[in-house]
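K.L.:
This is query-v8.cif, which holds mmCIF, C-alpha atoms:
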data_data
#
loop_
_atom_site.group_PDB
_atom_site.id
_atom_site.type_symbol
_atom_site.label_atom_id
_atom_site.label_comp_id
_atom_site.auth_asym_id
_atom_site.auth_seq_id
_atom_site.Cartn_x
_atom_site.Cartn_y
_atom_site.Cartn_z
ATOM 1 C CA MET W 1 249.505 104.278 33.159
ATOM 2 C CA PRO W 2 253.050 104.378 31.668
ATOM 3 C CA ARG W 3 254.430 107.904 31.245
ATOM 4 C CA PRO W 4 257.450 109.451 29.546
ATOM 5 C CA ILE W 5 260.256 109.753 32.092
ATOM 6 C CA HIS W 6 263.292 110.601 29.953
ATOM 7 C CA PHE W 7 264.292 112.130 26.632
ATOM 8 C CA GLU W 8 267.463 111.792 24.561
ATOM 9 C CA ILE W 9 269.032 114.313 22.225
ATOM 10 C CA PRO W 10 271.599 113.027 19.709
ATOM 11 C CA ALA W 11 274.207 115.658 18.852
ATOM 12 C CA GLU W 12 276.740 115.919 16.049
ATOM 13 C CA ASN W 13 278.847 118.027 18.404
ATOM 14 C CA PRO W 14 277.843 117.236 22.009
ATOM 15 C CA HIS W 15 279.802 120.106 23.570
ATOM 16 C CA ARG W 16 278.261 122.635 21.181
ATOM 17 C CA ALA W 17 274.772 121.252 21.941
ATOM 18 C CA MET W 18 275.394 121.354 25.697
ATOM 19 C CA ALA W 19 276.539 124.978 25.448
ATOM 20 C CA PHE W 20 273.389 125.834 23.468
ATOM 21 C CA TYR W 21 270.907 124.215 25.885
ATOM 22 C CA SER W 22 272.769 125.581 28.919
ATOM 23 C CA GLN W 23 272.697 129.114 27.511
ATOM 24 C CA VAL W 24 269.085 129.031 26.304
ATOM 25 C CA PHE W 25 267.376 127.035 29.088
ATOM 26 C CA GLY W 26 269.926 126.825 31.906
ATOM 27 C CA TRP W 27 270.010 123.021 31.687
ATOM 28 C CA GLU W 28 272.790 121.257 33.602
ATOM 29 C CA PHE W 29 274.850 118.443 32.056
ATOM 30 C CA THR W 30 276.717 115.720 33.940
ATOM 31 C CA LYS W 31 278.947 113.124 32.276
ATOM 32 C CA TRP W 32 277.503 109.653 32.927
ATOM 33 C CA ASP W 33 279.928 107.093 34.340
ATOM 34 C CA GLY W 34 278.671 104.244 32.177
ATOM 35 C CA PRO W 35 279.771 102.052 29.298
ATOM 36 C CA ILE W 36 278.860 104.644 26.621
ATOM 37 C CA THR W 37 279.559 108.344 26.080
ATOM 38 C CA TYR W 38 276.496 110.021 27.577
ATOM 39 C CA TRP W 39 275.576 113.117 29.549
ATOM 40 C CA SER W 40 272.606 113.319 31.913
ATOM 41 C CA ILE W 41 270.521 116.482 31.553
ATOM 42 C CA ARG W 42 268.876 118.138 34.547
ATOM 43 C CA THR W 43 266.104 120.411 33.274
ATOM 44 C CA GLY W 44 264.753 121.658 36.600
ATOM 45 C CA GLY W 45 264.113 120.983 40.241
ATOM 46 C CA ASP W 46 262.457 117.832 41.556
ATOM 47 C CA SER W 47 259.390 119.790 42.667
ATOM 48 C CA GLU W 48 258.801 121.200 39.160
ATOM 49 C CA PRO W 49 256.768 119.392 36.498
ATOM 50 C CA GLY W 50 258.776 117.944 33.622
ATOM 51 C CA ILE W 51 261.353 115.292 32.884
ATOM 52 C CA ASP W 52 265.115 115.139 32.681
ATOM 53 C CA GLY W 53 267.016 113.631 29.791
ATOM 54 C CA GLY W 54 270.283 112.729 28.207
ATOM 55 C CA LEU W 55 272.576 113.784 25.385
ATOM 56 C CA LEU W 56 274.735 111.445 23.346
ATOM 57 C CA PRO W 57 276.932 111.599 20.257
ATOM 58 C CA GLN W 58 274.885 111.277 17.079
ATOM 59 C CA GLN W 59 275.380 107.957 15.284
ATOM 60 C CA SER W 60 273.727 109.009 12.002
ATOM 61 C CA LYS W 61 272.205 112.156 10.464
ATOM 62 C CA ASP W 62 268.683 110.702 10.683
ATOM 63 C CA GLN W 63 268.930 109.719 14.370
ATOM 64 C CA PRO W 64 265.865 111.218 16.085
ATOM 65 C CA CYS W 65 265.314 112.707 19.517
ATOM 66 C CA VAL W 66 263.665 109.961 21.563
ATOM 67 C CA ASN W 67 261.187 110.000 24.441
ATOM 68 C CA THR W 68 261.452 107.029 26.800
ATOM 69 C CA ILE W 69 258.422 105.624 28.597
ATOM 70 C CA ARG W 70 258.637 103.716 31.885
ATOM 71 C CA VAL W 71 256.843 100.353 31.874
ATOM 72 C CA ASP W 72 256.421 97.622 34.488
ATOM 73 C CA ASN W 73 257.222 94.727 32.135
ATOM 74 C CA LEU W 74 259.490 95.361 29.147
ATOM 75 C CA ASP W 75 258.991 91.974 27.477
ATOM 76 C CA MET W 76 255.203 92.272 27.669
ATOM 77 C CA THR W 77 255.304 95.818 26.293
ATOM 78 C CA ILE W 78 257.494 94.743 23.359
ATOM 79 C CA ALA W 79 254.845 92.117 22.569
ATOM 80 C CA LEU W 80 252.088 94.756 22.822
ATOM 81 C CA VAL W 81 253.999 97.035 20.441
ATOM 82 C CA ALA W 82 254.176 94.226 17.847
ATOM 83 C CA ALA W 83 250.504 93.298 18.315
ATOM 84 C CA ALA W 84 249.516 96.934 17.743
ATOM 85 C CA GLY W 85 251.485 97.143 14.476
ATOM 86 C CA GLY W 86 254.734 98.648 15.749
ATOM 87 C CA THR W 87 258.242 97.259 15.438
ATOM 88 C CA THR W 88 261.309 96.881 17.648
ATOM 89 C CA VAL W 89 264.276 98.783 16.216
ATOM 90 C CA LEU W 90 266.760 98.052 19.019
ATOM 91 C CA SER W 91 266.243 94.909 21.070
ATOM 92 C CA LYS W 92 266.166 94.674 24.849
ATOM 93 C CA MET W 93 269.469 95.550 26.473
ATOM 94 C CA ALA W 94 270.743 96.353 29.936
ATOM 95 C CA VAL W 95 271.545 99.857 31.102
ATOM 96 C CA PRO W 96 273.833 98.919 34.009
ATOM 97 C CA GLY W 97 272.441 100.006 37.344
ATOM 98 C CA VAL W 98 269.317 101.515 35.731
ATOM 99 C CA GLY W 99 267.217 98.862 34.015
ATOM 100 C CA TRP W 100 266.264 97.211 30.735
ATOM 101 C CA ILE W 101 265.558 99.282 27.622
ATOM 102 C CA ALA W 102 264.406 98.715 24.051
ATOM 103 C CA TYR W 103 263.639 101.128 21.233
ATOM 104 C CA CYS W 104 260.541 100.755 19.077
ATOM 105 C CA ARG W 105 258.843 102.435 16.122
ATOM 106 C CA ASP W 106 255.128 103.244 16.225
ATOM 107 C CA THR W 107 252.691 102.944 13.311
ATOM 108 C CA GLU W 108 253.481 106.543 12.274
ATOM 109 C CA GLY W 109 257.232 105.962 12.061
ATOM 110 C CA HIS W 110 258.211 107.628 15.357
ATOM 111 C CA VAL W 111 260.921 106.005 17.465
ATOM 112 C CA PHE W 112 260.432 105.792 21.233
ATOM 113 C CA GLY W 113 262.154 104.034 24.095
ATOM 114 C CA ILE W 114 260.597 101.775 26.700
ATOM 115 C CA ILE W 115 262.358 101.072 29.978
ATOM 116 C CA GLN W 116 261.788 98.755 32.898
ATOM 117 C CA LEU W 117 263.683 100.073 35.904
ATOM 118 C CA ASP W 118 265.878 97.458 37.593
ATOM 119 C CA GLU W 119 269.057 98.510 39.421
ATOM 120 C CA SER W 120 270.395 94.938 39.126
ATOM 121 C CA ALA W 121 270.476 95.109 35.292
ATOM 122 C CA ARG W 122 273.927 94.304 33.865
#
Could you write out this structure as structure tokens?
P.N.:
Amino acid sequence: MPRPIHFEIPAENPHRAMAFYSQVFGWEFTKWDGPITYWSIRTGGDSEPGIDGGLLPQQSKDQPCVNTIRVDNLDMTIALVAAAGGTTVLSKMAVPGVGWIAYCRDTEGHVFGIIQLDESAR
């Protein structure tokens, strides 16, 4: 069964947001060495329940926090989303060295990510 494996927080001021979450929860932020400005968030130890996430500069005031769900087949899941009444809001794209991701909207208007892990994605 696919499960959420990652969350993303858009921030108007990333450094202010990182200071907030570090101070309140002790989260650790690491600048990602990728093609976009992005920080990985470590929320706890590997033996603890929970997921880690990411923080990125906000692109618009209405940009939501997003939960990303790991799937085995991204193309098939995109088709299932459409068949169930959802929509794709950001088409399939590579996250270099991580996998293939798309962003969708459910029937209630919530945006979520779906990712197929594949280290060869470029």
K.L.:
How far is it from CA of Ala121 in chain W to CA of Ala102 in chain W, in Å with one decimal?
P.N.:
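CA of Ala121 in chain W sits 13.3 Å away from CA of Ala102 in chain W.
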K.L.:
Identify all residues satisfying the PyMOL selection byres ((chain W and resi 51) around 8) in the given file; provide them as a list in words.
P.N.:
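Output of the PyMOL selection byres ((chain W and resi 51) around 8): Pro4, Ile5, His6, Phe7, Thr43, Pro49, Gly50, Asp52 and Gly53 of chain W.
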K.L.:
Determine the nearest neighbour of Ala84 in chain W from the options W:Thr107, W:Ser47, W:Thr30, W:Ser22, counting only C-alpha atoms.
P.N.:
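Among the listed residues, W:Thr107 lies closest to Ala84 in chain W.
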K.L.:
Could you list, with a cut-off of 12 Å and counting all atoms listed in the file, the residues of range 57-113 of chain W near range 13-17 of chain W, each shown with its nearest atom pair and the distance in Å rounded to one decimal, rows sorted by chain and ascending number, as JSON lines?
P.N.:
{"residue": "W:Pro57", "atom": "CA", "partner": "W:Pro14", "partner_atom": "CA", "distance": 6.0}
{"residue": "W:Gln58", "atom": "CA", "partner": "W:Asn13", "partner_atom": "CA", "distance": 7.9}
{"residue": "W:Gln59", "atom": "CA", "partner": "W:Asn13", "partner_atom": "CA", "distance": 11.1}
{"residue": "W:Lys61", "atom": "CA", "partner": "W:Asn13", "partner_atom": "CA", "distance": 11.9}
K.L.:
Evaluate the PyMOL selection byres ((chain W and resi 91-97) around 10) against this structure - the residues, as a list of chain:residue names, please.
P.N.:
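Listing what the PyMOL selection byres ((chain W and resi 91-97) around 10) selects in the shown file: W:Gly34, W:Pro35, W:Ile36, W:Leu74, W:Asp75, W:Ile78, W:Thr88, W:Val89, W:Leu90, W:Val98, W:Gly99, W:Trp100, W:Ile101, W:Ala102, W:Tyr103, W:Cys104, W:Ile114, W:Ile115, W:Gln116, W:Leu117, W:Asp118, W:Glu119, W:Ser120, W:Ala121, W:Arg122.
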K.L.:
For the atom pair CA of Met18 in chain W and CA of Gln63 in chain W, what is the interatomic distance in Å to one decimal place?
P.N.:
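Taking CA of Met18 in chain W as the start and CA of Gln63 in chain W as the end point, the length is 17.5 Å.
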K.L.:
For CA of Arg70 in chain W and CA of Met1 in chain W, determine how far apart the two atoms are, in Å to one decimal place.
P.N.:
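We find that CA of Arg70 in chain W and CA of Met1 in chain W lie 9.2 Å from each other.
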K.L.:
Could you tell me, as a PyMOL selection string, exactly which residues end up selected when the PyMOL selection byres ((chain W and resi 110) around 10) is applied to this structure?
P.N.:
chain W and resi 64-67+86+104-109+111-112
K.L.:
Which residue gives the smallest distance to Ile69 in chain W among W:Pro10, W:Gly44, W:Gly85, W:Gly113, with all atoms listed in the file counted?
P.N.:
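Looking only at the distances to Ile69 in chain W, the closest residue turns out to be W:Gly113.
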K.L.:
Taking into account all atoms listed in the file, which residue in the set W:Lys31, W:Pro2, W:Val71, W:Arg42 is nearest to Leu56 in chain W?
P.N.:
W:Lys31
